[in-house]
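The structure appears right after this line, and notes come after that.
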Amino acid sequence: MNQLVNAILVFLVLTGFLLLASSRLVACIRAVAIQGILLGLLAIAAQDGHPSVVGVLLPLTSAAVKGFILPWLIVRAMRDADTVREIEPVIGYNLSVIIGAVALGVSLWLGQRLPLPNQPTSFLLVPAAFFTCLVGLVLLITRRKAITQVLGYLTLENGVYAFGAAVALEMPILVELGILLDVFVGVFVMGIAIFHISRQFDHIDTGRLVTLSDRVP
Amino acid sequence: MLAMVLAPLIQGVINRTKAVAAGRVGQPLLQTYHDLWKLLRKGAVYSQTTTWVFRAGPVVGLAAMICAIALLPFGAFPALAPFAGDLVMAAYLLALARFFTVLAALDTGSSFEAMGASREVTFSALAEPALFLGLAALARQTGTLSLTSMLGSVSTAMWMRAAPALGLTIAGLGVVFLAENARIPVDDPTTHLELTMIHEVMVLDHSGPDFAMIQYAAALKMWLLGAVIIAIAVPWHSGNPLLDGGCAIAGMFGLAVVTGIIESSMARLRLLRITQLLVAAIVLSGLALALVRR
């Protein structure tokens with residue numbers, strides 16, 4: 001059981017690196033989708049003994065939403081916006097991967113230092129969750145395209161979810177459903193926003209949005 | 001030793017796999033032996049600008065490889081000269097061979113070879129941490145410091161216990177294997193255009209017996225790194241040395257076939273992307289080490 005959890009977490013970390021290294025948006029979206037599915041599996045695998053019906057159904061629902069519906073929405077937004085790659089991120093891909101390696105080290109160190117109320121199933125759980133959060137933050141900060149930033153936001157949320165699986169095994173259903181709904185609506189709104197940005201300005205480069213203002217020149 | 005005889009055959013298997021995948025008949029499996037024999041009968045040509053360093057390069061390279069092979073167990077056969085910590089020795093013998101190849105390349109005074117040398121050093125500087133972290137993870141997992149006892153104690157039971165760590169180690173060492181042996185995602189061994197080559201460009205000026213030594217050393221290096229991977233990936237021990245040895249040899253040829261398939265299905269990466277691949281290898285090995293460290 002522990003091995004299974006470890007394997008899932010390792011794959012989670014690897015998808016994080018894929019996100020940092022890949023310039024192709026489709027690959028990034030696929031990586032986030034895989035993360036969503038992995039997290040669903042993780043939540044089931046992390047439960048000791050006999051999981052309840054709700055305990056299986058809820059992760060499955062979240063895996064379905066994060067692994068299929070959200071990626072589908074983003075792919076549609078991407079097609080509408082006519083972007084295939086993130087062209088020039090603020091930080092290059094090599095440096096992103098190295099930052100990722102440093103972030104992994106920091107997360108591992110942090111995971112050891114952090115006192116937890118109950119022992120998580122795997123010692124890798126907390127570091128992996130932290131690392132996923134950090135990857136999300138790096139994506140949010142360093143990428144220019146709106147779609148990649150949405151992906152960063154989703155990754156950040158995945159990290160939070162993984163942390164939830166680590167610390168609170170029995171998170172209240174309502175809370176989890178609420179988060180899922182929030183994310184769903186968030187991505188939905190962002191998809192529409194991306195569509196409008198790209199129709200209005202013929203690009204989705206957020207760096208250039210700072211020049212917007214109400215003042216008439 | 002078995003490795004000395006069989007090592008060139010691995011390249012034959014890789015080439016045959018590539019040929020089959022491309023729908024060709026391909027060169028004979030023993031082509032590398034024929035090449036070596038042909039080169040050994042030829043005379044060597046030395047440029048007037050070169051010094052003794054140029055002549056020492058292939059000799060030191062081959063000697064270092066043979067020493068490294070002597071530290072390597074295969075199947076159920078222990079290494080010729082195992083001692084605690086010989087994994088560091090093996091890794092540095094590889095580095096020594098590389099150092100002399102690079103020196104010999106620089107000694108020719110050709111700008112192309114210097115370019116190849118610079119690339120080789122750049123990429124091996126990144127491949128080496130991946131190799132070391134992978135070996136360190138393995139050493140930690142098995143609790144020993146000698147290649148013989150380390151690779152010998154990987155078993156199916158250990159796979160059940162620590163599959164993620166061992167899988168990561170194999171993945172990390174696999175990238176190192178491809179990078180160090182100048183195989184396709186990193187370097188294309190078949191191209192002879194100087195601008196795209198890494199390893200081949202360094203040995204352009206070597207000829208005759210010197211070149212034979214270089215090629216043979218390259219085959220031994222491939223065998224060395226491959227055998228480490230296979231020892232982890234094929235963990236069954238039957239107790240019968242012949243059966244285990246056969247198992248390991250089959251594993252080596254399996255690895256050669258996999259390499260051939262990778263080469264047929266992938267294009268060479270751009271030079272800028274290679275660093276990314278190697279950093280990924282470091283991360284894979286590092287993660288393996290973090291997994292077993294607890």
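Identifiers in this document derive from the order of the structure tokens: chains are assigned A, B, ..., residues are numbered from 1 separately in each chain, and ligands are numbered from 1 in order of occurrence.
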
- Task: Could you please write out, as a PyMOL selection string, every residue of region 1-211 of chain A that DSSP assigns to helix (DSSP H, G or I)?
- Result: chain A and resi 2-21+25-45+53-81+93-113+125-142+146-167+173-201+206-211

Please identify all residues of chain A having at least one atom at most 8 Å from any atom of chain B, considering only C-alpha atoms, and return them as an mmCIF file with C-alpha atoms, in the first residue's frame.
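See selection_26.cif below for the written result:
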```
data_model
loop_
_atom_site.group_PDB
_atom_site.id
_atom_site.type_symbol
_atom_site.label_atom_id
_atom_site.label_comp_id
_atom_site.auth_asym_id
_atom_site.auth_seq_id
_atom_site.Cartn_x
_atom_site.Cartn_y
_atom_site.Cartn_z
ATOM 1 C CA GLN A 3 4.607 1.474 -2.193
ATOM 2 C CA ASN A 6 4.948 6.352 -3.074
ATOM 3 C CA ALA A 7 4.699 5.451 -6.745
ATOM 4 C CA VAL A 10 6.715 10.045 -7.585
ATOM 5 C CA PHE A 17 8.762 18.666 -13.789
ATOM 6 C CA ALA A 21 9.993 21.771 -18.841
ATOM 7 C CA TYR A 93 12.810 26.247 -19.500
ATOM 8 C CA ASN A 94 16.215 25.048 -18.368
ATOM 9 C CA VAL A 97 13.656 22.859 -14.341
ATOM 10 C CA ILE A 98 16.571 23.846 -12.115
ATOM 11 C CA ALA A 101 14.948 20.803 -8.547
ATOM 12 C CA PHE A 123 6.950 10.510 4.237
ATOM 13 C CA LEU A 124 6.910 11.776 0.659
#
```

- Distance query Cys133 (chain A) at most 10 Å, only C-alpha atoms, self and fewer than 5 positions along chain excluded, as a PyMOL selection string: chain A and resi 16+103+107+127-128+138-139+152-163

Write the residues of the preceding selection, restricted to N, CA and C atoms, as a CSV table (one decimal), in the first residue's frame.
```csv
chain,number,residue,atom,x,y,z
A,16,GLY,N,5.0,17.3,-12.4
A,16,GLY,CA,5.4,18.7,-12.0
A,16,GLY,C,6.6,19.2,-12.9
A,103,ALA,N,13.2,23.6,-5.7
A,103,ALA,CA,12.0,23.6,-5.0
A,103,ALA,C,11.7,22.2,-4.4
A,107,SER,N,11.2,21.4,-0.5
A,107,SER,CA,10.0,20.7,0.0
A,107,SER,C,10.4,19.5,0.8
A,127,PRO,N,6.2,16.6,1.2
A,127,PRO,CA,7.1,17.2,0.2
A,127,PRO,C,6.4,17.3,-1.2
A,128,ALA,N,5.8,16.2,-1.6
A,128,ALA,CA,5.2,16.2,-3.0
A,128,ALA,C,4.1,17.2,-3.1
A,138,VAL,N,5.4,28.8,-9.5
A,138,VAL,CA,6.4,29.2,-10.5
A,138,VAL,C,5.7,29.4,-11.9
A,139,LEU,N,4.8,28.5,-12.2
A,139,LEU,CA,4.1,28.7,-13.5
A,139,LEU,C,3.3,30.0,-13.5
A,152,GLY,N,-1.2,26.9,-14.1
A,152,GLY,CA,-0.5,27.1,-12.8
A,152,GLY,C,-1.4,27.1,-11.6
A,153,TYR,N,-2.5,27.8,-11.8
A,153,TYR,CA,-3.6,27.9,-10.8
A,153,TYR,C,-4.1,26.5,-10.4
A,154,LEU,N,-4.3,25.7,-11.5
A,154,LEU,CA,-4.8,24.3,-11.3
A,154,LEU,C,-3.8,23.5,-10.5
A,155,THR,N,-2.5,23.6,-10.9
A,155,THR,CA,-1.5,22.9,-10.3
A,155,THR,C,-1.4,23.2,-8.8
A,156,LEU,N,-1.5,24.5,-8.5
A,156,LEU,CA,-1.5,25.0,-7.1
A,156,LEU,C,-2.6,24.3,-6.4
A,157,GLU,N,-3.8,24.3,-7.0
A,157,GLU,CA,-4.9,23.6,-6.3
A,157,GLU,C,-4.7,22.1,-6.1
A,158,ASN,N,-4.1,21.5,-7.1
A,158,ASN,CA,-3.7,20.1,-7.0
A,158,ASN,C,-2.8,19.9,-5.8
A,159,GLY,N,-1.9,20.8,-5.6
A,159,GLY,CA,-1.0,20.7,-4.5
A,159,GLY,C,-1.7,20.8,-3.2
A,160,VAL,N,-2.6,21.7,-3.1
A,160,VAL,CA,-3.5,21.9,-1.9
A,160,VAL,C,-4.3,20.6,-1.6
A,161,TYR,N,-4.8,20.0,-2.7
A,161,TYR,CA,-5.6,18.8,-2.5
A,161,TYR,C,-4.7,17.7,-2.0
A,162,ALA,N,-3.5,17.6,-2.6
A,162,ALA,CA,-2.6,16.5,-2.1
A,162,ALA,C,-2.3,16.7,-0.6
A,163,PHE,N,-2.1,18.0,-0.2
A,163,PHE,CA,-1.8,18.3,1.2
A,163,PHE,C,-3.0,17.8,2.0
```

- Message: Neighbouring residues of Gly152 (chain B) were defined as those with any atom within 10 Å, considering only C-alpha atoms; residues of the same chain fewer than 6 positions away were excluded. Please report them as a ChimeraX atom specification.
- Response: /B:73-78,142,146,231-232,235-237

Would you mind exporting C-alpha atoms of the selected residues as a PDB file, in the first residue's frame?
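Wrote it out as again_3.pdb, contents follow:
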```
ATOM      1  CA  PRO B  73      30.097  -8.150 -11.528  1.00  0.00           C
ATOM      2  CA  PHE B  74      27.972  -9.846 -14.137  1.00  0.00           C
ATOM      3  CA  GLY B  75      25.109 -12.198 -13.457  1.00  0.00           C
ATOM      4  CA  ALA B  76      26.237 -14.446 -10.626  1.00  0.00           C
ATOM      5  CA  PHE B  77      29.911 -13.945 -11.411  1.00  0.00           C
ATOM      6  CA  PRO B  78      31.585 -11.572  -8.955  1.00  0.00           C
ATOM      7  CA  THR B 142      21.429  -2.203  -0.421  1.00  0.00           C
ATOM      8  CA  SER B 146      30.928  -2.318  -3.525  1.00  0.00           C
ATOM      9  CA  ALA B 231      21.634  -5.970 -12.736  1.00  0.00           C
ATOM     10  CA  ILE B 232      18.887  -3.774 -11.240  1.00  0.00           C
ATOM     11  CA  PRO B 235      16.802  -9.170 -10.238  1.00  0.00           C
ATOM     12  CA  TRP B 236      16.217 -12.933 -10.330  1.00  0.00           C
ATOM     13  CA  HIS B 237      18.822 -15.134  -8.727  1.00  0.00           C
TER      14      HIS B 237
END
```

- Task: For region 104-108 of chain B, work out the shell of residues within 12 Å, counting only C-alpha atoms and skipping chain neighbours fewer than 2 positions away, then give it as a ChimeraX atom specification.
- Result: /B:46-61,97-102,110-121,198-206,210,214
